[in-house]
Structures are given as C-alpha cells and as structure tokens.
Amino acid sequence: MKKNSSCMVALALTSALSSGLIHASECDPGEKVVKFSHVTGGTTHPKVILVNEFAANVNREMNGKLCVEVYPNSTLFGDSKELEALLLGDVQLLAPSLAKFGAYTDKYAVFDLPFLFKDLDQIIRFTKTSEAKELLNVMEDSVGFVGLGYWMSGMKYFTANKPLMVPSDAEGLKIRVQSSTIAKEMIRAMGASPQVMAFSEVYGALQTGVVDGQENTWSNIYTKKFYEVQDSITETNHQVLAYLFVTSSEFLNSLSEEDRAQFLGLVDRATESANKLVKEKDAVNRENILRAGGKINTLTTEQRAEWVQTMSPIWEQFEPSIGKRLIETAAGA
Ligand code: LMR
C-alpha cells in the first residue's frame, strides 16, 4: 500500500468496501502483490466483508511487504477458472465453496452430505476437530493447494417458481447446482435434473428459464437477487455452504519465515472473525429477502422427514470415498 499517508489507506479501504476492489495502482512497486479472487458480491455478504477486512488488515499491518488486491463478483476469475488460476500461480488467495474441489479430493464431500449438519454451530465445531484440521492440507502433495481455514456462508435452501414443500414437488424441474457430485445425486433423488453452472450465470439462467430453481444461502439469495426471479424459497436447511480459504504452497514458500508467520497470524484472525460474523449476516440477509418481497416457506415436521428420507441413501453411497470415521466425527460434532 502506498506509504504516503493513512489517507491513502483510508481511500483504499473506502473503495474496497464500496466496490470490493482494491486497485493494483494502490500497491507500492516494492510490495508483493497478492491477488484474492472470489465470486460473491453485494455489501452484506459474509465473504465480501471478510475478504475486504482481511485485505485491509494485511495492507495495514504488512505495509511495504504485501499488498492484497481483491477481485470480487467473478471479476477476475469465475467458478470454472479460479482453481486453475491458483494452480498456475495467476492468483494467490481464493475462498471457493468446498463443494467445488471435487476434481482435487473426495474428502470435502463430507461438508456436502445432506442433513449431516443441522446448523452452523455444528459445522463450526467440526472444523475445530483434528480430523477437519488435517483435511486443510489434503491437496498439498498432489496439487500444492494449502487450506488456510474454513469459513461458513450459511445453511442452504431451495428456490423455484413454485413451493418445493416435499422433494417430489421438484419432479421434472431443472435445478442449478455447484460442481458437486453429491449435489447432482441429491437433485436426481428429487426426480429433477441437475444443471451444473457457474455462480455468475445463475441469475440470468433463472430469469430466462434455462433453469427452474437453485439451492443457496440467505446471503447468496439476497446479494445475487435470486428472490427477484424465483417466486418461492423453502427453508429446507438441507446442507451447509462452507468455504475453503485457500492458497498455494508456492505462494507461502515465497514468503520469508517472518512474513509467513505474520501473514498466517492474520489468516487465523480472519477465520475467527468469519465464525463470529456469519450467523449475524445470515439473519440480516434473511430479513433483507423478506423486506424485498421474497416469499419464504417453512416445512412441517412431516415434510422435513420426507426430505431427510429421500436424501439419506446418499450418505451410504459416498461413505466409501469420504470414510466412515470422518462422517461420524462430523455427525457427532
Ligand atoms: C455457489 O456457487 O452457489 C456458491 O458457492 C457461491 C459462493 O461462493 O457463495
């Protein structure tokens, strides 16, 4: 960050908060530029807030050494390209959904099992277990990705142009999913057709009828305005959407020991902040949807039992690749 004053930093922060972007020109020539790319937008999304806060902290506390540039809303790389860019060293920091790592590891599918996590507290407890901490490094030897921490987005809900009160209400519909094998199986179990699509394309696809529905968190449904092009949201709470704050070993190894320690200290602070912030933002964005005219349906106990029953065979199907012990640790967290 340019040293010529706190004013410069303040300006950068203001611009980061309003647009989510810290421009390259605000970095000093001697600083190592660290690109942080992500796909979410708006001002109330937990990922947007956390990434901007993390960038501001690094740029202030590691001034002269590192300069984080933030590229939100798929402006640098979208879903299909960001992990490839990390592999190639074209970006240094990402926070994709754990559901998007299927090409690199089977293990993160544990975060995707339907109805495994009943709320955000359970998954946050799971991320603090030694099993979940070990998983942070599961891709290091194969592709050099290093997990820095788990950040939550929220529980997921189905949206469509009709109320999906039981799974069979989705029969024949085309439902957008992330690139996750479990998500595809879940949609097939509902008698619907899964359509894998980049996050940046979902609003347009819902609007034009390329897909009929999707599943996401309050924060994504609100900040991407999906409620504008979907008549109905069902509070299914069927899965969690969690992110892996991730870098590459190439980037970490390029830092001096002292800089790496300072950087990793700021990383841990961001993850602590993530766990504190998410529930509040989740609630705010649910309210925002209602205030904007979105329609939210809640399930009866019997309806919920139907969802659980339809999706329970998926656990058995994925147990061999995820591992029984890992599933048990998550279930018991
Ligand atoms: C999605 O693709 O629906 C989400 O993973 C987007 C995100 O990063 O929250």
# chains A, B, ... in the order shown; residues from 1 in each chain; ligands from 1
>>> residues_near_ligand(ligand="ligand 1", cutoff="10 Å", atoms="only C-alpha atoms and all ligand atoms", output="PyMOL selection string")
chain A and resi 38-41+45-48+73-74+78-79+94-100+152-154+156+176-179+196-202+214-217+219-221+224+241-244
>>> residues_around(residues="Thr300 (chain A)", least_positions_apart="4", cutoff="9 Å", atoms="only C-alpha atoms", output="JSON, numbers by chain")
{"A": [165, 304, 305]}
>>> write_last_selection(atoms="N, CA and C atoms", output="compact mmCIF listing (two decimals), in the first residue's frame")
# COMPACT_ATOMS: atom_id res chain seq x y z
N MET A 165 -42.29 -28.11 -1.22
CA MET A 165 -42.53 -28.47 0.18
C MET A 165 -42.08 -29.90 0.49
N ARG A 304 -40.39 -32.21 6.44
CA ARG A 304 -38.95 -32.29 6.62
C ARG A 304 -38.49 -33.75 6.64
N ALA A 305 -39.27 -34.59 7.28
CA ALA A 305 -38.92 -36.03 7.34
C ALA A 305 -38.86 -36.62 5.93
>>> select_by_dssp(residues="region 96-167 of chain A", states="helix (DSSP H, G or I)", output="PyMOL selection string")
chain A and resi 98-101+107-112+120-127+130-135+140-143+167
>>> residues_around(residues="Arg125 (chain A)", least_positions_apart="3", cutoff="6 Å", atoms="only C-alpha atoms", output="mmCIF file with C-alpha atoms, in the first residue's frame")
data_model
loop_
_atom_site.group_PDB
_atom_site.id
_atom_site.type_symbol
_atom_site.label_atom_id
_atom_site.label_comp_id
_atom_site.auth_asym_id
_atom_site.auth_seq_id
_atom_site.Cartn_x
_atom_site.Cartn_y
_atom_site.Cartn_z
ATOM 1 C CA GLN A 122 -22.285 -27.934 14.460
ATOM 2 C CA LYS A 128 -12.150 -27.347 15.074
ATOM 3 C CA ALA A 333 -19.623 -32.627 16.400
#
>>> closest_residue(among="A:Glu82, A:Asp212, A:Asp119, A:Asp106", to="Ser180 (chain A)", atoms="only C-alpha atoms")
A:Asp106
>>> select_by_dssp(residues="region 61-123 of chain A", states="strand (DSSP E)", output="PyMOL selection string")
chain A and resi 66-71+93-94
>>> residues_around(residues="Thr329 (chain A)", least_positions_apart="6", cutoff="12 Å", atoms="only C-alpha atoms", output="list in words")
Val110, Phe111, Leu116, Phe117, Gln122, Ile123, Arg125, Phe126, Thr127, Lys128, Thr129, Ser130, Glu131, Ala132, Ile322 and Gly323 of chain A
>>> closest_residue(among="A:Ala160, A:Ala109, A:Leu255, A:Leu93", to="Pro320 (chain A)", atoms="only C-alpha atoms")
A:Ala109
>>> closest_residue(among="A:Leu113, A:Leu136, A:Leu290, A:Leu86", to="Gly149 (chain A)", atoms="only C-alpha atoms")
A:Leu136
>>> atom_distance(atom1="CA of Lys35 (chain A)", atom2="CA of Glu69 (chain A)")
4.9 Å
>>> closest_residue(among="A:Ser37, A:Ala170, A:Arg269, A:Phe245", to="Thr75 (chain A)", atoms="only C-alpha atoms")
A:Ser37
>>> atom_distance(atom1="CA of Leu135 (chain A)", atom2="CA of Asp90 (chain A)")
24.1 Å
>>> closest_residue(among="A:Tyr104, A:Trp307, A:Phe54, A:Phe226", to="Val138 (chain A)", atoms="only C-alpha atoms")
A:Tyr104
